[in-house]
file protein-v7.txt (compact mmCIF, C-alpha atoms)
# COMPACT_ATOMS: atom_id res chain seq x y z
CA MET A 1 76.59 28.09 16.78
CA ASN A 2 73.80 25.59 17.58
CA TYR A 3 70.77 27.23 19.21
CA GLU A 4 69.61 24.09 21.03
CA ASP A 5 73.02 23.58 22.74
CA ALA A 6 73.30 27.28 23.54
CA PHE A 7 69.76 27.38 24.96
CA ARG A 8 70.43 24.28 27.10
CA HIS A 9 73.61 25.88 28.49
CA TYR A 10 71.63 29.14 29.07
CA ARG A 11 68.98 27.29 31.10
CA GLU A 12 71.62 25.36 33.10
CA GLY A 13 73.51 28.58 33.80
CA THR A 14 76.73 27.32 32.15
CA ALA A 15 76.45 29.46 28.99
CA THR A 16 79.31 31.67 27.87
CA ASP A 17 78.69 35.37 27.23
CA GLU A 18 78.65 34.66 23.52
CA GLU A 19 76.03 31.87 23.98
CA LYS A 20 73.89 34.15 26.22
CA ALA A 21 73.92 36.90 23.62
CA PHE A 22 73.06 34.42 20.85
CA VAL A 23 70.08 32.94 22.79
CA LEU A 24 68.71 36.40 23.77
CA ASP A 25 69.05 37.58 20.20
CA GLU A 26 67.13 34.52 18.89
CA ILE A 27 64.39 35.04 21.50
CA ALA A 28 64.06 38.69 20.46
CA LYS A 29 63.71 37.66 16.80
CA ALA A 30 60.97 35.13 17.71
CA LYS A 31 59.03 37.77 19.72
CA ALA A 32 59.24 40.23 16.85
CA LEU A 33 57.98 37.65 14.38
CA SER A 34 55.14 36.73 16.72
CA SER A 35 54.04 40.34 17.11
CA LEU A 36 54.05 40.77 13.35
CA LEU A 37 51.76 37.76 12.96
CA ASP A 38 49.43 39.09 15.66
CA ASP A 39 49.15 42.40 13.85
CA GLU A 40 45.69 42.83 12.30
CA GLY A 41 47.19 43.95 9.04
CA LEU A 42 48.93 40.61 8.51
CA ALA A 43 46.31 38.35 10.08
CA VAL A 44 44.76 35.99 7.58
CA LYS A 45 41.07 36.67 7.28
CA ARG A 46 38.60 34.25 5.89
CA ALA A 47 36.74 35.30 2.83
CA PRO A 48 33.26 36.53 3.74
CA ILE A 49 30.53 34.00 3.12
CA LYS A 50 28.30 35.20 0.38
CA GLU A 51 24.72 35.39 1.51
CA ALA A 52 22.45 33.39 -0.74
CA GLU A 53 19.98 35.31 -2.80
CA ALA A 54 16.27 34.73 -2.18
CA LYS A 55 15.95 33.16 -5.63
CA ASP A 56 18.71 30.62 -4.85
CA VAL A 57 17.12 29.76 -1.49
CA LYS A 58 13.73 29.28 -3.12
CA GLU A 59 15.20 27.00 -5.80
CA ALA A 60 17.06 24.94 -3.19
CA LYS A 61 13.86 24.51 -1.14
CA HIS A 62 11.96 23.51 -4.27
CA ARG A 63 14.60 20.90 -5.18
CA MET A 64 14.53 19.51 -1.64
CA ILE A 65 10.72 19.29 -1.61
CA MET A 66 10.69 17.64 -5.04
CA ARG A 67 13.23 15.04 -3.89
CA ARG A 68 11.09 14.24 -0.86
CA VAL A 69 7.89 14.06 -2.91
CA ILE A 70 9.47 11.85 -5.56
CA GLY A 71 11.04 9.65 -2.88
CA GLY A 72 7.67 9.34 -1.15
CA LEU A 73 5.90 8.50 -4.42
CA ILE A 74 8.47 5.87 -5.26
CA ALA A 75 8.03 4.32 -1.81
CA VAL A 76 4.23 4.28 -2.24
CA VAL A 77 4.51 2.71 -5.70
CA VAL A 78 6.86 0.03 -4.40
CA ILE A 79 4.47 -0.75 -1.52
CA ILE A 80 1.47 -0.91 -3.87
CA LEU A 81 3.32 -3.20 -6.27
CA ALA A 82 4.38 -5.47 -3.41
CA LEU A 83 0.83 -5.58 -2.02
CA GLY A 84 -0.54 -6.21 -5.51
CA ALA A 85 1.83 -9.13 -5.98
CA ILE A 86 0.93 -10.57 -2.58
CA LEU A 87 -2.82 -10.10 -3.00
CA GLY A 88 -2.68 -11.36 -6.57
CA GLY A 89 -1.04 -14.53 -5.32
CA VAL A 90 -3.59 -14.92 -2.52
CA PHE A 91 -6.64 -14.30 -4.72
CA GLY A 92 -5.17 -16.33 -7.55
CA SER A 93 -4.73 -19.29 -5.21
CA ALA A 94 -8.23 -18.82 -3.79
CA ALA A 95 -9.72 -18.69 -7.31
CA ALA A 96 -7.86 -21.86 -8.28
CA TYR A 97 -9.20 -23.63 -5.19
CA ALA A 98 -12.71 -22.33 -5.96
CA ARG A 99 -12.50 -23.77 -9.50
CA ASP A 100 -11.30 -27.08 -8.10
CA ASN A 101 -14.13 -27.08 -5.52
CA ALA A 102 -16.83 -26.58 -8.18
CA VAL A 103 -18.92 -29.77 -8.38
CA TRP A 104 -22.17 -28.34 -9.78
CA GLU A 105 -22.36 -26.82 -13.27
CA ARG A 106 -24.56 -23.93 -14.40
CA SER A 107 -27.30 -26.13 -15.87
CA GLU A 108 -27.45 -28.16 -12.65
CA ALA A 109 -27.57 -24.94 -10.60
CA ILE A 110 -30.56 -23.78 -12.68
CA ALA A 111 -32.42 -27.02 -11.95
CA VAL A 112 -31.65 -26.67 -8.21
CA ALA A 113 -32.87 -23.04 -8.25
CA GLU A 114 -36.12 -23.99 -10.05
CA ASP A 115 -36.78 -26.79 -7.54
CA TYR A 116 -36.14 -24.39 -4.68
CA ALA A 117 -38.49 -21.75 -6.16
CA ARG A 118 -41.25 -24.36 -6.72
CA ALA A 119 -40.91 -25.65 -3.13
CA HIS A 120 -40.92 -22.11 -1.72
CA ALA A 121 -44.06 -21.16 -3.67
CA GLU A 122 -45.89 -24.31 -2.59
CA GLN A 123 -44.87 -23.76 1.06
CA ASN A 124 -46.52 -20.33 0.82
CA GLY A 125 -49.79 -21.85 -0.44
CA PHE A 126 -49.44 -21.21 -4.16
CA VAL A 127 -50.28 -23.72 -6.88
CA VAL A 128 -47.54 -23.49 -9.52
CA SER A 129 -48.64 -23.41 -13.15
CA ARG A 130 -45.23 -22.85 -14.81
CA ILE A 131 -41.61 -21.85 -14.06
CA PHE A 132 -39.15 -19.88 -16.17
CA SER A 133 -35.47 -19.30 -15.33
CA ASP A 134 -32.38 -17.79 -16.91
CA LEU A 135 -30.64 -19.51 -19.75
CA PRO A 136 -27.26 -20.92 -18.66
CA LYS A 137 -25.39 -18.10 -20.45
CA ASP A 138 -27.36 -15.51 -18.41
CA VAL A 139 -26.52 -16.99 -15.01
CA ASP A 140 -24.05 -14.85 -13.06
CA GLU A 141 -21.13 -16.44 -11.33
CA ASP A 142 -19.80 -14.97 -8.05
CA PHE A 143 -16.49 -15.71 -6.40
CA ASN A 144 -16.74 -16.29 -2.65
CA PHE A 145 -13.42 -15.74 -0.86
CA GLU A 146 -12.97 -17.59 2.42
CA THR A 147 -10.28 -16.99 5.06
CA ASP A 148 -9.28 -20.62 4.58
CA LEU A 149 -8.29 -20.27 0.91
CA LYS A 150 -8.98 -23.94 0.22
CA SER A 151 -12.64 -23.40 1.18
CA SER A 152 -13.22 -20.64 -1.41
CA TYR A 153 -15.98 -21.39 -3.90
CA TYR A 154 -18.05 -20.02 -6.76
CA SER A 155 -21.78 -19.58 -6.60
CA TYR A 156 -24.37 -19.10 -9.34
CA LYS A 157 -27.06 -16.40 -9.19
CA VAL A 158 -30.17 -17.63 -10.95
CA ASP A 159 -33.31 -15.56 -11.60
CA VAL A 160 -36.43 -17.74 -11.54
CA THR A 161 -39.98 -16.60 -12.31
CA VAL A 162 -42.92 -18.71 -11.09
CA TRP A 163 -46.51 -18.20 -12.28
CA THR A 164 -49.31 -19.54 -10.15
CA GLU A 165 -52.76 -20.77 -11.21
CA ASP A 166 -54.42 -17.83 -9.47
CA GLY A 167 -52.42 -15.20 -11.42
CA TRP A 168 -49.49 -14.44 -9.14
CA GLU A 169 -46.05 -13.77 -10.58
CA LEU A 170 -43.29 -14.73 -8.13
CA GLU A 171 -39.78 -13.52 -8.86
CA TYR A 172 -36.81 -15.15 -7.16
CA GLU A 173 -33.11 -14.51 -7.10
CA ILE A 174 -31.50 -17.70 -5.84
CA GLU A 175 -27.84 -18.33 -5.17
CA VAL A 176 -26.55 -21.89 -5.62
CA ASN A 177 -23.23 -22.96 -4.12
CA SER A 178 -21.18 -24.66 -6.86
CA HIS A 179 -19.42 -26.87 -4.29
CA THR A 180 -22.36 -28.13 -2.22
CA GLY A 181 -25.29 -27.47 -4.56
CA SER A 182 -27.19 -25.83 -1.72
CA PRO A 183 -29.58 -23.00 -2.71
CA SER A 184 -30.24 -19.82 -0.75
CA LEU A 185 -32.84 -17.13 -1.37
CA ARG A 186 -31.38 -13.69 -2.08
CA GLU A 187 -34.49 -11.79 -3.22
CA TYR A 188 -38.18 -12.56 -3.53
CA GLU A 189 -41.08 -10.54 -4.94
CA ALA A 190 -44.71 -11.49 -5.48
CA ASP A 191 -46.93 -9.42 -7.77
CA LYS A 192 -50.55 -9.75 -8.96
CA GLU A 193 -51.94 -7.02 -11.15
CA GLY A 194 -50.03 -4.25 -9.33
CA TYR A 195 -50.42 -5.83 -5.89
CA PHE A 196 -47.13 -6.59 -4.16
CA ARG A 197 -46.63 -9.28 -1.53
CA MET A 198 -43.43 -10.45 0.18

call {"tool": "encode", "arguments": {"input": "protein-v7.txt", "output": "structure tokens"}}
result
Amino acid sequence: MNYEDAFRHYREGTATDEEKAFVLDEIAKAKALSSLLDDEGLAVKRAPIKEAEAKDVKEAKHRMIMRRVIGGLIAVVVIILALGAILGGVFGSAAAYARDNAVWERSEAIAVAEDYARAHAEQNGFVVSRIFSDLPKDVDEDFNFETDLKSSYYSYKVDVTVWTEDGWELEYEIEVNSHTGSPSLREYEADKEGYFRM
């Protein structure tokens, strides 16, 4: 007998005694099976979750921290490399412009520095007897970076010593712009037998 047809007839009230008995018997079987499944003895229990040991937890934390540290270090290295490439390009361009802007050579810068030192000494009332300055190989060259990269330039630092007729030794450090040839006084000392004058 077909349960679905018998159950439909049972619900409509048109079932035969045989169909009624069949449907009630099937319902009883379903209830019995359901109660068996609800029984704690047959209920499927999940396996208990094993609690991690302190050693395992410590190792997992260490691995996580190391991943974060290494990830952070890699990010910092990438940023530094990117900044280095950018700044290298900027300073490289500025240095190229500074080389192109150089009009005055070292030997010319020395002559400009000596003329400046002589004029400065004479303006301060000294009579110059002789002048000595660095040899071209001893002149320092400084790079001057400008915000407008095309205006960057090199300058020469020249040490000039002036001796006066009355025994003064005047020491100058003069910076000469390699683009314009203009001198500027960086340091000045005057000394006569232990006496210092500025």

call {"tool": "residues_around", "arguments": {"input": "protein-v7.txt", "residues": "range 19-29 of chain A", "least_positions_apart": "2", "cutoff": "9 Å", "atoms": "only C-alpha atoms", "output": "list in words"}}
result
Met1, Tyr3, Asp5, Ala6, Phe7, His9, Tyr10, Ala15, Thr16, Asp17, Lys31, Ala32, Leu33 and Ser34 of chain A

call {"tool": "closest_atom_pairs", "arguments": {"input": "protein-v7.txt", "of": "range 103-157 of chain A", "to": "range 173-196 of chain A", "cutoff": "8 Å", "atoms": "all atoms listed in the file", "output": "JSON lines"}}
result
{"residue": "A:Val103", "atom": "CA", "partner": "A:His179", "partner_atom": "CA", "distance": 5.0}
{"residue": "A:Trp104", "atom": "CA", "partner": "A:Ser178", "partner_atom": "CA", "distance": 4.8}
{"residue": "A:Glu105", "atom": "CA", "partner": "A:Ser178", "partner_atom": "CA", "distance": 6.9}
{"residue": "A:Ala109", "atom": "CA", "partner": "A:Val176", "partner_atom": "CA", "distance": 5.9}
{"residue": "A:Val112", "atom": "CA", "partner": "A:Pro183", "partner_atom": "CA", "distance": 6.9}
{"residue": "A:Ala113", "atom": "CA", "partner": "A:Ile174", "partner_atom": "CA", "distance": 6.0}
{"residue": "A:Tyr116", "atom": "CA", "partner": "A:Pro183", "partner_atom": "CA", "distance": 7.0}
{"residue": "A:Tyr153", "atom": "CA", "partner": "A:His179", "partner_atom": "CA", "distance": 6.5}
{"residue": "A:Tyr154", "atom": "CA", "partner": "A:Ser178", "partner_atom": "CA", "distance": 5.6}
{"residue": "A:Ser155", "atom": "CA", "partner": "A:Asn177", "partner_atom": "CA", "distance": 4.4}
{"residue": "A:Tyr156", "atom": "CA", "partner": "A:Val176", "partner_atom": "CA", "distance": 5.1}
{"residue": "A:Lys157", "atom": "CA", "partner": "A:Glu175", "partner_atom": "CA", "distance": 4.5}

call {"tool": "residues_near_point", "arguments": {"input": "protein-v7.txt", "point": "(-13.6, -16.9, -2.3)", "cutoff": "12 Å", "atoms": "only C-alpha atoms", "output": "number ranges by chain"}}
result
A: 90-102, 141-155, 177-179

call {"tool": "atom_distance", "arguments": {"input": "protein-v7.txt", "atom1": "CA of Phe132 in chain A", "atom2": "CA of Thr164 in chain A"}}
result
11.8 Å

call {"tool": "build_atoms", "arguments": {"input": "protein-v7.txt", "residues": "range 100-111 of chain A", "atoms": "all heavy atoms", "output": "mmCIF file, in the frame of the given file"}}
result
data_model
loop_
_atom_site.group_PDB
_atom_site.id
_atom_site.type_symbol
_atom_site.label_atom_id
_atom_site.label_comp_id
_atom_site.auth_asym_id
_atom_site.auth_seq_id
_atom_site.Cartn_x
_atom_site.Cartn_y
_atom_site.Cartn_z
ATOM 1 N N ASP A 100 -11.435 -25.657 -8.424
ATOM 2 C CA ASP A 100 -11.300 -27.080 -8.100
ATOM 3 C C ASP A 100 -12.460 -27.585 -7.237
ATOM 4 O O ASP A 100 -12.825 -28.755 -7.315
ATOM 5 C CB ASP A 100 -9.973 -27.342 -7.356
ATOM 6 C CG ASP A 100 -8.763 -27.112 -8.242
ATOM 7 O OD1 ASP A 100 -8.933 -27.067 -9.487
ATOM 8 O OD2 ASP A 100 -7.650 -26.966 -7.700
ATOM 9 N N ASN A 101 -13.024 -26.692 -6.407
ATOM 10 C CA ASN A 101 -14.130 -27.080 -5.520
ATOM 11 C C ASN A 101 -15.474 -27.152 -6.241
ATOM 12 O O ASN A 101 -16.437 -27.659 -5.677
ATOM 13 C CB ASN A 101 -14.243 -26.092 -4.344
ATOM 14 C CG ASN A 101 -13.123 -26.264 -3.347
ATOM 15 O OD1 ASN A 101 -12.518 -27.318 -3.268
ATOM 16 N ND2 ASN A 101 -12.850 -25.214 -2.585
ATOM 17 N N ALA A 102 -15.552 -26.611 -7.444
ATOM 18 C CA ALA A 102 -16.830 -26.580 -8.180
ATOM 19 C C ALA A 102 -17.223 -28.005 -8.577
ATOM 20 O O ALA A 102 -16.511 -28.675 -9.317
ATOM 21 C CB ALA A 102 -16.730 -25.689 -9.398
ATOM 22 N N VAL A 103 -18.387 -28.443 -8.070
ATOM 23 C CA VAL A 103 -18.920 -29.770 -8.380
ATOM 24 C C VAL A 103 -20.141 -29.628 -9.281
ATOM 25 O O VAL A 103 -20.354 -30.421 -10.177
ATOM 26 C CB VAL A 103 -19.278 -30.516 -7.080
ATOM 27 C CG1 VAL A 103 -19.914 -31.854 -7.375
ATOM 28 C CG2 VAL A 103 -18.043 -30.677 -6.203
ATOM 29 N N TRP A 104 -20.925 -28.581 -9.048
ATOM 30 C CA TRP A 104 -22.170 -28.340 -9.780
ATOM 31 C C TRP A 104 -21.924 -27.379 -10.928
ATOM 32 O O TRP A 104 -21.273 -26.361 -10.771
ATOM 33 C CB TRP A 104 -23.225 -27.754 -8.831
ATOM 34 C CG TRP A 104 -23.603 -28.712 -7.746
ATOM 35 C CD1 TRP A 104 -22.882 -29.041 -6.637
ATOM 36 C CD2 TRP A 104 -24.793 -29.481 -7.669
ATOM 37 N NE1 TRP A 104 -23.529 -29.951 -5.876
ATOM 38 C CE2 TRP A 104 -24.718 -30.241 -6.487
ATOM 39 C CE3 TRP A 104 -25.906 -29.605 -8.480
ATOM 40 C CZ2 TRP A 104 -25.729 -31.110 -6.099
ATOM 41 C CZ3 TRP A 104 -26.913 -30.460 -8.084
ATOM 42 C CH2 TRP A 104 -26.819 -31.215 -6.914
ATOM 43 N N GLU A 105 -22.481 -27.676 -12.095
ATOM 44 C CA GLU A 105 -22.360 -26.820 -13.270
ATOM 45 C C GLU A 105 -23.544 -25.859 -13.334
ATOM 46 O O GLU A 105 -24.518 -26.002 -12.601
ATOM 47 C CB GLU A 105 -22.293 -27.677 -14.531
ATOM 48 C CG GLU A 105 -21.045 -28.537 -14.596
ATOM 49 C CD GLU A 105 -21.000 -29.370 -15.860
ATOM 50 O OE1 GLU A 105 -21.871 -29.201 -16.747
ATOM 51 O OE2 GLU A 105 -20.091 -30.204 -15.957
ATOM 52 N N ARG A 106 -23.493 -24.928 -14.265
ATOM 53 C CA ARG A 106 -24.560 -23.930 -14.400
ATOM 54 C C ARG A 106 -25.927 -24.578 -14.629
ATOM 55 O O ARG A 106 -26.905 -24.194 -13.994
ATOM 56 C CB ARG A 106 -24.263 -22.986 -15.570
ATOM 57 C CG ARG A 106 -23.184 -21.995 -15.310
ATOM 58 C CD ARG A 106 -22.945 -21.147 -16.569
ATOM 59 N NE ARG A 106 -21.717 -20.423 -16.455
ATOM 60 C CZ ARG A 106 -21.632 -19.147 -16.075
ATOM 61 N NH1 ARG A 106 -22.717 -18.487 -15.781
ATOM 62 N NH2 ARG A 106 -20.469 -18.561 -15.992
ATOM 63 N N SER A 107 -25.991 -25.510 -15.559
ATOM 64 C CA SER A 107 -27.300 -26.130 -15.870
ATOM 65 C C SER A 107 -27.856 -26.859 -14.651
ATOM 66 O O SER A 107 -29.062 -26.817 -14.400
ATOM 67 C CB SER A 107 -27.160 -27.069 -17.059
ATOM 68 O OG SER A 107 -26.191 -28.066 -16.780
ATOM 69 N N GLU A 108 -26.986 -27.481 -13.872
ATOM 70 C CA GLU A 108 -27.450 -28.160 -12.650
ATOM 71 C C GLU A 108 -27.902 -27.132 -11.621
ATOM 72 O O GLU A 108 -28.882 -27.353 -10.909
ATOM 73 C CB GLU A 108 -26.319 -29.019 -12.076
ATOM 74 C CG GLU A 108 -25.920 -30.168 -12.985
ATOM 75 C CD GLU A 108 -24.641 -30.858 -12.553
ATOM 76 O OE1 GLU A 108 -23.695 -30.162 -12.132
ATOM 77 O OE2 GLU A 108 -24.611 -32.108 -12.618
ATOM 78 N N ALA A 109 -27.188 -26.001 -11.539
ATOM 79 C CA ALA A 109 -27.570 -24.940 -10.600
ATOM 80 C C ALA A 109 -28.942 -24.376 -10.956
ATOM 81 O O ALA A 109 -29.744 -24.056 -10.074
ATOM 82 C CB ALA A 109 -26.522 -23.834 -10.602
ATOM 83 N N ILE A 110 -29.247 -24.275 -12.244
ATOM 84 C CA ILE A 110 -30.560 -23.780 -12.680
ATOM 85 C C ILE A 110 -31.654 -24.750 -12.216
ATOM 86 O O ILE A 110 -32.694 -24.330 -11.694
ATOM 87 C CB ILE A 110 -30.593 -23.583 -14.209
ATOM 88 C CG1 ILE A 110 -29.678 -22.416 -14.584
ATOM 89 C CG2 ILE A 110 -32.000 -23.353 -14.701
ATOM 90 C CD1 ILE A 110 -29.457 -22.252 -16.076
ATOM 91 N N ALA A 111 -31.422 -26.029 -12.378
ATOM 92 C CA ALA A 111 -32.420 -27.020 -11.950
ATOM 93 C C ALA A 111 -32.635 -26.954 -10.431
ATOM 94 O O ALA A 111 -33.774 -27.014 -9.952
ATOM 95 C CB ALA A 111 -31.970 -28.420 -12.360
#
